[in-house]
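Q: For reference, the structure I am asking about is given below.
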Number of protein chains: 2
Amino acid sequence: MILVYDINQKRVGKMLKLCRRYLHWIQNSVFEGEITAVKLKELLATAKGIMHDYDSLIIFKSRDNKWLEKEVYGNEKNAIDTIL
Amino acid sequence: MILVYDINQKRVGKMLKLCRRYLHWIQNSVFEGEITAVKLKELLATAKGIMHDYDSLIIFKSRDNKWLEKEVYGNEKNAIDTIL
């Protein structure tokens, strides 16, 4: 799945830390990875506790692992970013 | 397809304007929509001209239109945002 958020600067650090616990960080506010339904529920519950006002979180899920073709242009977050 | 970018503030206005010509704006730096190969090539060529330094652009494409399940939490960009 892909997760993208748009979170107020005051809360973005918390959200980044949370999402990195479950997914790979691939761009400023974009994450990808495979996650179980239970883990996703956990992630969303915590995320909802962080979010306020105009904060937004979008998830794209697919039924098939092979659906996704990703193309990266310009700078890509280094693999080391995903190590906690 | 889904397009996400991470562009320096100096150039982000240009990029937003460009992407909105081709796709629907669904979050701060996230767009989605269907686009022909020709239009995508056009979009990417122009985007590359805008991008510098640490700017980044990621595209997620699928072979099947039905692959995508989207969930939105919190604030969603209003439909009026997609009208040019």
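Chains: A, B, ... in order of the structure tokens. Residues: from 1 per chain. Ligands: from 1, in order shown.
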For a quick test of understanding: name the residues of chain B lying within 7 Å of chain A when counting only C-alpha atoms, and present them as number ranges by chain.

A: B: 6, 27-28, 54-63, 67-76

Q: List every residue of range 20-60 of chain B that DSSP, applied to the backbone of this structure, assigns to alpha helix (DSSP H), and report them as number ranges by chain.

A: B: 20, 37-50

Q: Can you work out the spacing between CA of Leu40 in chain A and CA of Trp25 in chain A in Å, to one decimal?

A: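 A separation of 15.6 Å between them.
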